[in-house]
>>> print(open('structure.txt').read())   # compact mmCIF, C-alpha atoms
# COMPACT_ATOMS: atom_id res chain seq x y z
CA MET A 11 170.28 103.95 203.24
CA ALA A 12 169.70 105.64 199.88
CA GLN A 13 170.46 109.34 199.79
CA LYS A 14 167.99 111.83 198.28
CA GLU A 15 169.07 113.77 195.20
CA ILE A 16 170.80 117.07 195.91
CA GLU A 17 167.98 119.13 194.40
CA VAL A 18 165.54 117.47 196.82
CA ILE A 19 167.86 117.98 199.78
CA LEU A 20 168.28 121.67 198.95
CA THR A 21 164.52 122.06 198.46
CA ARG A 22 163.91 120.66 201.94
CA GLN A 23 166.57 122.94 203.37
CA LEU A 24 164.95 125.94 201.67
CA ALA A 25 161.51 124.84 202.89
CA SER A 26 162.79 124.54 206.45
CA TYR A 27 163.64 128.27 206.35
CA LEU A 28 160.40 129.47 204.73
CA ALA A 29 157.49 130.94 206.63
CA MET A 30 155.17 129.64 203.86
CA PRO A 31 153.80 126.13 204.35
CA ALA A 32 155.57 123.73 201.97
CA PHE A 33 154.99 120.06 201.20
CA ILE A 34 157.41 117.90 199.18
CA VAL A 35 156.73 114.57 197.46
CA ASP A 36 159.06 112.21 195.62
CA PRO A 37 158.50 110.95 192.01
CA ASP A 38 156.12 108.26 193.28
CA GLY A 39 154.05 110.86 195.08
CA THR A 40 155.22 109.78 198.51
CA LEU A 41 155.23 112.62 201.00
CA ILE A 42 158.84 113.06 202.08
CA PHE A 43 158.74 116.35 204.00
CA TYR A 44 156.60 119.24 205.12
CA ASN A 45 157.86 122.23 207.05
CA GLU A 46 156.84 123.73 210.37
CA PRO A 47 154.36 126.27 208.91
CA ALA A 48 152.64 123.34 207.16
CA GLU A 49 152.47 121.45 210.43
CA SER A 50 150.14 124.07 211.87
CA ILE A 51 147.72 123.64 208.94
CA LEU A 52 147.98 119.87 208.57
CA GLY A 53 147.58 119.47 212.31
CA LEU A 54 150.51 117.19 213.07
CA ARG A 55 154.28 117.45 213.16
CA PHE A 56 156.14 115.80 210.29
CA ASP A 57 158.19 113.85 212.81
CA GLU A 58 154.91 112.24 213.90
CA THR A 59 153.53 111.43 210.44
CA GLY A 60 156.78 110.50 208.69
CA GLU A 61 156.80 109.58 205.02
CA MET A 62 153.39 108.75 203.59
CA PRO A 63 152.33 107.34 200.19
CA LEU A 64 150.09 109.40 197.86
CA GLU A 65 147.07 107.22 198.49
CA GLU A 66 147.40 107.89 202.20
CA TRP A 67 148.15 111.63 202.33
CA GLY A 68 145.70 112.20 199.48
CA THR A 69 142.89 111.00 201.72
CA VAL A 70 144.11 111.39 205.30
CA PHE A 71 143.66 115.15 205.10
CA THR A 72 140.20 114.54 203.59
CA PRO A 73 140.39 117.11 200.77
CA MET A 74 136.94 118.24 199.68
CA ASP A 75 135.30 121.01 197.70
CA LYS A 76 133.05 123.67 199.18
CA THR A 77 130.04 121.36 198.99
CA GLY A 78 131.86 118.74 201.01
CA THR A 79 132.39 116.40 198.04
CA PRO A 80 135.69 114.51 198.39
CA ILE A 81 138.42 115.36 195.86
CA ALA A 82 140.24 112.38 194.40
CA PRO A 83 144.00 112.33 195.13
CA ALA A 84 144.79 112.53 191.39
CA ALA A 85 142.85 115.79 191.10
CA LEU A 86 144.88 117.59 193.76
CA PRO A 87 147.30 120.27 192.46
CA LEU A 88 150.33 118.42 193.81
CA ALA A 89 149.37 115.18 192.06
CA MET A 90 148.73 117.11 188.83
CA ALA A 91 152.12 118.84 189.04
CA LEU A 92 153.73 115.48 189.57
CA GLY A 93 151.82 113.56 186.91
CA GLU A 94 151.70 116.21 184.22
CA ARG A 95 155.00 117.99 185.02
CA ARG A 96 153.37 121.42 185.03
CA PRO A 97 152.37 123.96 187.64
CA ALA A 98 148.89 123.55 189.08
CA HIS A 99 146.78 125.66 191.40
CA GLY A 100 143.58 125.10 193.31
CA ASP A 101 141.61 125.87 196.41
CA PHE A 102 139.72 123.39 198.52
CA TYR A 103 139.07 122.33 202.08
CA ILE A 104 140.98 119.88 204.23
CA ARG A 105 140.42 118.44 207.64
CA GLY A 106 143.79 118.41 209.38
CA LEU A 107 144.94 115.62 211.60
CA ASP A 108 143.81 117.85 214.47
CA LEU A 109 140.27 117.45 212.94
CA VAL A 110 139.95 121.18 212.21
CA LEU A 111 138.37 122.04 208.83
CA ARG A 112 140.43 124.58 206.89
CA HIS A 113 140.04 126.36 203.54
CA ILE A 114 143.39 126.35 201.73
CA GLU A 115 144.83 127.53 198.43
CA VAL A 116 147.62 125.48 196.90
CA THR A 117 150.20 126.19 194.21
CA ALA A 118 152.21 123.16 193.15
CA PHE A 119 155.11 122.75 190.74
CA PRO A 120 157.19 119.80 189.58
CA LEU A 121 160.79 119.38 190.68
CA ILE A 122 162.79 118.81 187.52
CA GLY A 123 166.51 118.45 188.12
CA GLN A 124 169.67 118.48 186.05
CA ALA A 125 169.48 116.31 182.94
CA ASP A 126 165.67 116.54 183.01
CA ARG A 127 165.40 114.22 185.99
CA ASN A 128 161.92 113.94 187.49
CA LEU A 129 162.52 114.37 191.22
CA GLY A 130 159.03 114.90 192.56
CA ALA A 131 156.94 118.00 193.24
CA VAL A 132 156.46 120.78 195.76
CA ALA A 133 153.26 122.40 197.01
CA LEU A 134 153.12 125.79 198.68
CA PHE A 135 149.84 126.49 200.40
CA TRP A 136 148.02 129.13 202.36
CA GLU A 137 145.05 129.01 204.65
CA VAL A 138 142.25 131.20 203.26
CA HIS A 139 140.61 133.33 205.91
CA SER A 140 137.35 134.66 204.49
CA MET B 28 194.43 101.12 193.97
CA GLN B 29 197.09 103.78 194.37
CA VAL B 30 196.00 107.36 194.95
CA THR B 31 198.43 110.28 194.52
CA LEU B 32 197.69 113.90 195.36
CA TRP B 33 199.16 116.24 192.71
CA GLY B 34 197.25 119.35 193.73
CA THR B 35 195.51 119.97 197.04
CA ARG B 36 194.85 123.72 197.09
CA GLY B 37 191.44 125.27 196.59
CA SER B 38 190.28 128.25 194.58
CA LEU B 39 193.63 129.60 193.37
CA GLY B 40 197.13 128.31 192.85
CA SER B 41 199.12 129.47 195.85
CA PRO B 42 202.84 128.76 195.47
CA GLY B 43 205.25 130.14 198.04
CA ALA B 44 207.49 129.26 200.89
CA GLU B 45 204.57 129.42 203.32
CA THR B 46 202.56 126.79 201.39
CA ALA B 47 205.39 124.54 200.23
CA ARG B 48 204.56 121.55 202.42
CA TYR B 49 200.79 121.29 201.75
CA GLY B 50 201.35 122.50 198.22
CA GLY B 51 200.18 125.38 196.07
CA ASN B 52 198.74 123.53 193.06
CA THR B 53 194.98 123.27 192.68
CA SER B 54 192.94 120.05 192.69
CA CYS B 55 194.34 117.03 190.90
CA VAL B 56 194.38 113.43 192.11
CA GLU B 57 195.72 110.44 190.21
CA VAL B 58 194.23 106.97 190.69
CA ARG B 59 196.06 103.92 189.35
CA GLY B 60 194.58 100.46 189.31
CA ALA B 61 196.34 97.15 189.67
CA GLU B 62 195.60 96.38 186.02
CA GLY B 63 197.10 99.63 184.76
CA THR B 64 194.06 101.89 184.36
CA VAL B 65 194.89 105.53 185.12
CA LEU B 66 192.27 108.05 186.18
CA VAL B 67 192.84 111.72 186.90
CA LEU B 68 190.35 113.42 189.18
CA ASP B 69 190.14 117.10 188.24
CA ALA B 70 192.48 119.14 186.10
CA GLY B 71 193.69 121.86 188.41
CA THR B 72 197.23 123.16 188.08
CA GLY B 73 198.55 119.93 189.63
CA ILE B 74 197.76 118.07 186.41
CA ARG B 75 200.77 119.57 184.63
CA ARG B 76 203.27 117.62 186.74
CA GLN B 77 200.98 114.59 186.82
CA GLY B 78 200.81 114.44 183.02
CA ALA B 79 204.55 114.88 182.67
CA ALA B 80 205.13 111.89 184.97
CA LEU B 81 202.98 109.46 182.98
CA PRO B 82 204.71 106.62 181.14
CA GLN B 83 205.16 107.25 177.41
CA SER B 84 203.60 103.87 176.70
CA LEU B 85 200.21 104.88 178.12
CA ARG B 86 197.58 104.95 175.35
CA ARG B 87 194.44 105.91 177.24
CA ILE B 88 193.76 108.18 180.16
CA ASP B 89 190.46 109.28 181.70
CA VAL B 90 190.12 112.72 183.28
CA LEU B 91 187.10 113.00 185.56
CA LEU B 92 186.10 116.60 186.29
CA THR B 93 183.91 117.28 189.30
CA HIS B 94 182.85 120.64 187.87
CA LEU B 95 184.16 123.39 185.66
CA HIS B 96 185.23 126.08 188.08
CA MET B 97 188.59 127.47 187.01
CA ASP B 98 190.66 125.87 189.79
CA HIS B 99 189.51 122.45 188.55
CA ILE B 100 190.24 122.92 184.83
CA GLN B 101 193.03 125.47 184.69
CA GLY B 102 195.73 122.84 184.17
CA LEU B 103 193.91 121.08 181.35
CA GLY B 104 195.62 123.09 178.60
CA PHE B 105 199.00 122.05 180.03
CA PHE B 106 198.22 118.33 180.26
CA ALA B 107 200.86 116.62 178.10
CA PRO B 108 198.66 113.74 176.79
CA LEU B 109 196.39 116.27 175.05
CA TYR B 110 199.24 116.98 172.63
CA ASN B 111 200.06 113.34 171.84
CA PRO B 112 198.13 112.00 168.81
CA GLU B 113 198.73 108.44 169.97
CA VAL B 114 196.80 108.90 173.22
CA GLU B 115 193.06 108.65 173.78
CA VAL B 116 192.04 111.23 176.35
CA HIS B 117 188.55 110.79 177.73
CA VAL B 118 187.25 113.79 179.65
CA TRP B 119 184.21 113.26 181.87
CA GLY B 120 182.31 116.11 183.46
CA PRO B 121 178.91 117.67 184.06
CA ALA B 122 176.92 119.56 181.45
CA SER B 123 174.83 122.53 182.52
CA ILE B 124 171.11 123.00 181.90
CA THR B 125 171.82 124.93 178.69
CA LEU B 126 175.34 123.97 177.55
CA ASN B 127 176.84 120.58 176.87
CA LEU B 128 180.28 119.66 178.19
CA GLN B 129 182.03 120.49 174.92
CA ARG B 130 180.63 124.02 174.78
CA ARG B 131 181.41 124.59 178.45
CA LEU B 132 185.04 123.48 178.02
CA ARG B 133 185.39 125.58 174.88
CA ARG B 134 184.78 128.70 176.95
CA TYR B 135 188.19 128.14 178.51
CA LEU B 136 190.04 126.27 175.73
CA SER B 137 189.71 129.00 173.12
CA PRO B 138 191.08 132.54 172.65
CA PRO B 139 191.36 134.89 174.42
CA LEU B 140 191.68 132.74 177.54
CA PHE B 141 193.81 130.04 175.88
CA PRO B 142 195.60 130.04 172.49
CA VAL B 143 194.76 126.45 171.52
CA ARG B 144 191.19 125.54 170.65
CA LEU B 145 189.63 122.33 171.91
CA ARG B 146 189.23 121.06 168.33
CA GLU B 147 192.91 121.71 167.59
CA LEU B 148 194.21 119.36 170.28
CA PRO B 149 196.21 116.55 168.62
CA CYS B 150 195.12 113.75 170.97
CA GLN B 151 192.12 111.53 170.36
CA LEU B 152 189.75 113.48 172.56
CA VAL B 153 186.43 111.99 173.69
CA LEU B 154 184.03 113.89 175.93
CA HIS B 155 181.48 112.23 178.21
CA GLU B 156 178.81 113.91 180.28
CA VAL B 157 178.06 113.00 183.89
CA PRO B 158 176.01 112.35 185.93
CA CYS B 159 175.16 109.26 184.00
CA GLY B 160 174.81 106.72 186.79
CA ASP B 161 177.47 104.11 187.25
CA PHE B 162 180.02 103.30 184.59
CA ASP B 163 183.12 101.15 184.30
CA LEU B 164 186.61 102.33 183.43
CA GLY B 165 189.01 99.40 183.31
CA GLU B 166 189.00 97.72 186.68
CA PHE B 167 187.15 100.64 188.28
CA ARG B 168 183.42 101.03 188.85
CA ILE B 169 182.71 104.76 188.91
CA SER B 170 179.64 106.32 190.50
CA SER B 171 178.91 110.01 190.15
CA MET B 172 176.26 112.07 191.86
CA LEU B 173 175.42 115.75 192.04
CA VAL B 174 176.52 117.32 195.33
CA GLY B 175 176.01 120.63 197.09
CA HIS B 176 178.18 123.26 195.38
CA PRO B 177 177.20 126.19 193.14
CA GLY B 178 176.63 125.06 189.56
CA PRO B 179 176.52 121.45 188.36
CA THR B 180 179.07 119.60 190.49
CA VAL B 181 179.50 115.90 191.09
CA GLY B 182 181.32 113.74 193.57
CA TYR B 183 182.98 110.54 192.43
CA ARG B 184 183.09 107.13 194.04
CA VAL B 185 185.82 104.92 192.57
CA ALA B 186 185.52 101.28 193.53
CA THR B 187 187.23 98.00 192.88
CA SER B 188 186.38 94.67 194.45
CA ARG B 189 188.97 95.47 197.12
CA SER B 190 188.68 99.16 197.95
CA ILE B 191 186.65 102.35 197.63
CA LEU B 192 187.80 105.93 197.12
CA ALA B 193 185.38 108.85 197.54
CA TYR B 194 186.33 112.25 196.10
CA MET B 195 184.43 115.47 196.82
CA PRO B 196 186.85 118.39 196.68
CA ASP B 197 184.14 121.07 196.56
CA HIS B 198 181.19 120.25 198.77
CA GLU B 199 179.06 122.07 201.32
CA PRO B 200 176.77 119.46 202.88
CA ALA B 201 176.14 121.71 205.90
CA LEU B 202 174.44 124.41 203.79
CA GLY B 203 171.13 125.38 205.36
CA VAL B 204 171.27 122.66 208.02
CA HIS B 205 170.47 123.85 211.54
CA ARG B 206 172.33 121.05 213.29
CA PHE B 207 174.73 119.28 210.96
CA PRO B 208 174.62 116.50 210.04
CA LEU B 209 171.06 115.39 209.35
CA ALA B 210 170.18 111.74 208.72
CA PRO B 211 172.23 110.11 205.94
CA GLU B 212 169.36 110.17 203.42
CA TRP B 213 169.14 113.97 203.77
CA THR B 214 172.88 114.62 203.58
CA SER B 215 174.45 115.63 200.29
CA GLY B 216 177.24 113.31 199.21
CA TYR B 217 176.41 110.52 201.63
CA SER B 218 175.93 107.87 198.94
CA ILE B 219 179.30 108.74 197.41
CA ALA B 220 181.18 108.53 200.70
CA ALA B 221 179.36 105.74 202.56
CA GLY B 222 181.83 103.20 203.87
CA ALA B 223 184.73 104.45 201.75
CA ASP B 224 188.23 103.30 202.59
CA LEU B 225 189.50 106.78 201.73
CA LEU B 226 187.55 110.03 201.59
CA ILE B 227 189.18 113.08 200.02
CA HIS B 228 186.94 115.98 200.99
CA ASP B 229 186.66 119.75 200.95
CA SER B 230 187.93 121.27 204.21
CA GLN B 231 188.55 124.80 203.04
CA TYR B 232 187.60 126.80 206.13
CA SER B 233 188.02 126.84 209.85
CA ILE B 234 184.76 126.69 211.80
CA GLU B 235 185.25 130.38 212.65
CA GLU B 236 185.64 131.31 208.96
CA TYR B 237 182.66 129.30 207.72
CA PRO B 238 179.84 131.71 208.72
CA ARG B 239 181.34 134.36 206.42
CA HIS B 240 181.30 131.92 203.50
CA VAL B 241 177.96 130.15 203.80
CA GLY B 242 176.69 129.25 200.33
CA TRP B 243 180.09 129.48 198.68
CA GLY B 244 180.06 125.71 198.29
CA HIS B 245 182.79 124.68 200.72
CA SER B 246 183.10 123.01 204.10
CA SER B 247 184.78 123.78 207.34
CA LEU B 248 187.14 121.08 208.57
CA VAL B 249 184.81 120.51 211.53
CA HIS B 250 181.85 119.88 209.20
CA ALA B 251 183.99 117.65 206.99
CA LEU B 252 184.95 115.55 210.01
CA SER B 253 181.28 115.21 210.99
CA PHE B 254 180.43 114.21 207.43
CA ALA B 255 183.21 111.61 207.38
CA ALA B 256 181.94 110.16 210.66
CA LEU B 257 178.36 110.01 209.37
CA ALA B 258 179.53 108.21 206.23
CA GLY B 259 181.57 105.72 208.22
CA VAL B 260 184.75 106.19 206.23
CA LYS B 261 187.94 104.47 207.27
CA HIS B 262 190.40 107.22 206.42
CA PHE B 263 189.95 110.91 205.76
CA VAL B 264 192.03 113.41 203.82
CA PRO B 265 191.22 117.13 204.28
CA PHE B 266 191.59 118.77 200.87
CA HIS B 267 191.01 121.98 198.88
CA HIS B 268 192.88 124.15 201.35
CA ASP B 269 192.13 127.84 201.39
CA PRO B 270 194.77 129.89 199.53
CA ASP B 271 195.22 132.11 202.59
CA HIS B 272 196.05 129.19 204.88
CA THR B 273 199.76 128.66 205.36
CA ASP B 274 201.34 125.35 206.28
CA GLU B 275 201.46 126.51 209.91
CA ASP B 276 197.79 127.51 209.80
CA LEU B 277 196.80 124.13 208.41
CA ASP B 278 198.84 122.24 211.01
CA ARG B 279 197.15 124.22 213.77
CA LEU B 280 193.61 124.03 212.34
CA THR B 281 193.92 120.29 211.81
CA ALA B 282 195.26 119.66 215.30
CA GLU B 283 192.49 121.73 216.89
CA ALA B 284 189.69 120.09 214.87
CA VAL B 285 190.97 116.59 215.51
CA ALA B 286 191.37 117.26 219.23
CA GLU B 287 187.78 118.46 219.35
CA ALA B 288 186.22 115.75 217.14
CA GLN B 289 188.27 112.76 218.31
CA PRO B 290 187.50 110.90 215.07
CA ALA B 291 187.31 107.14 215.10
CA PHE B 292 188.93 106.99 211.66
CA GLY B 293 192.42 107.78 210.43
CA LEU B 294 193.27 111.25 209.14
CA THR B 295 196.11 112.35 206.91
CA PRO B 296 196.27 116.02 205.90
CA GLY B 297 196.12 116.48 202.13
CA THR B 298 199.64 117.37 201.11
CA GLU B 299 200.93 117.56 197.57
CA GLY B 300 202.79 114.35 196.70
CA ALA B 301 201.05 112.20 199.32
CA VAL B 302 200.41 108.63 198.16
CA PHE B 303 197.76 106.27 199.52
CA VAL B 304 197.64 102.58 198.71
CA LEU B 305 194.20 101.05 199.21
CA ASP B 306 194.05 97.31 199.38
CA VAL B 307 192.11 96.54 202.46
CA LYS B 308 189.35 94.18 201.33
CA GLY B 309 191.46 91.21 200.41
>>> encode(input="structure.txt", output="structure tokens")
Amino acid sequence: MAQKEIEVILTRQLASYLAMPAFIVDPDGTLIFYNEPAESILGLRFDETGEMPLEEWGTVFTPMDKTGTPIAPAALPLAMALGERRPAHGDFYIRGLDLVLRHIEVTAFPLIGQADRNLGAVALFWEVHS
Amino acid sequence: MQVTLWGTRGSLGSPGAETARYGGNTSCVEVRGAEGTVLVLDAGTGIRRQGAALPQSLRRIDVLLTHLHMDHIQGLGFFAPLYNPEVEVHVWGPASITLNLQRRLRRYLSPPLFPVRLRELPCQLVLHEVPCGDFDLGEFRISSMLVGHPGPTVGYRVATSRSILAYMPDHEPALGVHRFPLAPEWTSGYSIAAGADLLIHDSQYSIEEYPRHVGWGHSSLVHALSFAALAGVKHFVPFHHDPDHTDEDLDRLTAEAVAEAQPAFGLTPGTEGAVFVLDVKG
């Protein structure tokens, strides 16, 4: 079994202690971890979803704008952080796996390790209560 | 492959009657291959005696640094081959985000910390930065990978067709883990250690001491034993002993941890001068 890079392991360990929802993807965009606070927004425990490719998590949470128009996976902040190696921010709506519609704000940043290694990206997100 | 421990102490050289058996010199391990290649893992104070014991005929030696904390480079200025113009000395080690290996080493090998500058060393000095994936040195295939320790730090996996040595003298895989260990893919250092014939690993603290040192980059012996079991190693050498641990302390801590863990692999405490011959995959 291949081991994750140390920067990714430490990011997961940090995320597991944070009260902020956090979502981590690898360089291919595959979801590799989200923490317990994220579970309450996404509607399912990570142990139940497991790893998930970008095409799947980018649609399974049905991201949409305020008019209900679907947002393409590539336009999500996390995909932009990953693809363009820069921070990205946005707010939109998702329908969690518990089928509840939620308004969330997301800040995403790339994970760039020692020797400029591209290791994936992280999204921190908040539910917007308006 | 023959592996010799020339320095087993962590953090600070600790000579004295109370540490004579485990040894007071800081990290240095020599690896000799069947075809004559000589590697030195880390340049703690143990490297002085190691360098003095090398055959005069040797024309190349490779020093692989895990990181540049003082206890892993302090002996470098006293390494005899550096002063022999007929010897190629290749030093491998991690760069930082902002400084290359040469500039990092120069911080120590220059006044006021040391009278001789790096550029003044008479040997044929070649510096190489890791991690750089896998590379070959003589009959050895070397793999390096960043591991959990403050600052850029790598572990080394040294393999031949017959045996595998894993070396992680400074490593805290239990950092931030609620119930250690996690699955292999989420455990720092797993790929370096997996299936090794011999694992030389940080075991600086007792399990009672560890909570006061979380984040310092070191392991308790109990955590190190769990890590070794997860990695499926065949033999384990506790290493990088705390300077405050006497020979009696280490005997007791080892006996207690082994009695508790009941490891399925062999264990030999890391004592200065210990020699291991690996030749198990014939």
>>> interface_residues(input="structure.txt", of="chain B", to="chain A", cutoff="9 Å", atoms="all atoms listed in the file", output="list in words")
Ala122, Ser123, Ile124, Pro158, Met172, Leu173, Val174, Gly175, Pro179, Leu202, Gly203, Val204, Pro211, Glu212, Trp213, Thr214, Ser215, Gly216, Tyr217 and Ser218 of chain B
>>> residues_around(input="structure.txt", residues="Leu128 (chain B)", least_positions_apart="4", cutoff="8 Å", atoms="all atoms listed in the file", output="ChimeraX atom specification")
/B:120-123,132,154-156
>>> atom_distance(input="structure.txt", atom1="CA of Val118 (chain B)", atom2="CA of Trp243 (chain B)")
25.7 Å
>>> residues_around(input="structure.txt", residues="region 274-279 of chain B", least_positions_apart="2", cutoff="12 Å", atoms="only C-alpha atoms", output="PyMOL selection string")
chain B and resi 36+41-51+230-233+248+265-272+281-286+295-299
>>> residues_around(input="structure.txt", residues="Gly100 (chain A)", least_positions_apart="6", cutoff="7 Å", atoms="all atoms listed in the file", output="VMD selection string")
chain A and resid 87 115 to 117
>>> residues_around(input="structure.txt", residues="region 74-89 of chain B", least_positions_apart="3", cutoff="7 Å", atoms="only C-alpha atoms", output="list in words")
Trp33, Cys55, Val65, Leu66, Val67, Ala70, Gly71, Gly102, Phe105, Phe106, Ala107, Pro108, Glu113, Val114, Glu115, Val116, His117 and Val118 of chain B
>>> atom_distance(input="structure.txt", atom1="CA of Leu192 (chain B)", atom2="CA of Leu225 (chain B)")
5.0 Å
>>> residues_around(input="structure.txt", residues="Leu54 (chain A)", least_positions_apart="3", cutoff="8 Å", atoms="all atoms listed in the file", output="list in words")
Glu49, Ser50, Glu58, Thr59, Gly106, Leu107 and Asp108 of chain A
>>> closest_residue(input="structure.txt", among="A:Pro83, A:Leu52, A:Glu46, A:Leu129", to="Ile104 (chain A)", atoms="all atoms listed in the file")
A:Leu52
>>> atom_distance(input="structure.txt", atom1="CA of Ala288 (chain B)", atom2="CA of Ala256 (chain B)")
9.6 Å
>>> closest_residue(input="structure.txt", among="A:Phe119, A:Arg105, A:Ala89, A:Thr79", to="Gly53 (chain A)", atoms="only C-alpha atoms")
A:Arg105
>>> closest_residue(input="structure.txt", among="B:Leu280, B:Val153, B:Cys159, B:Ala220", to="Lys261 (chain B)", atoms="all atoms listed in the file")
B:Ala220
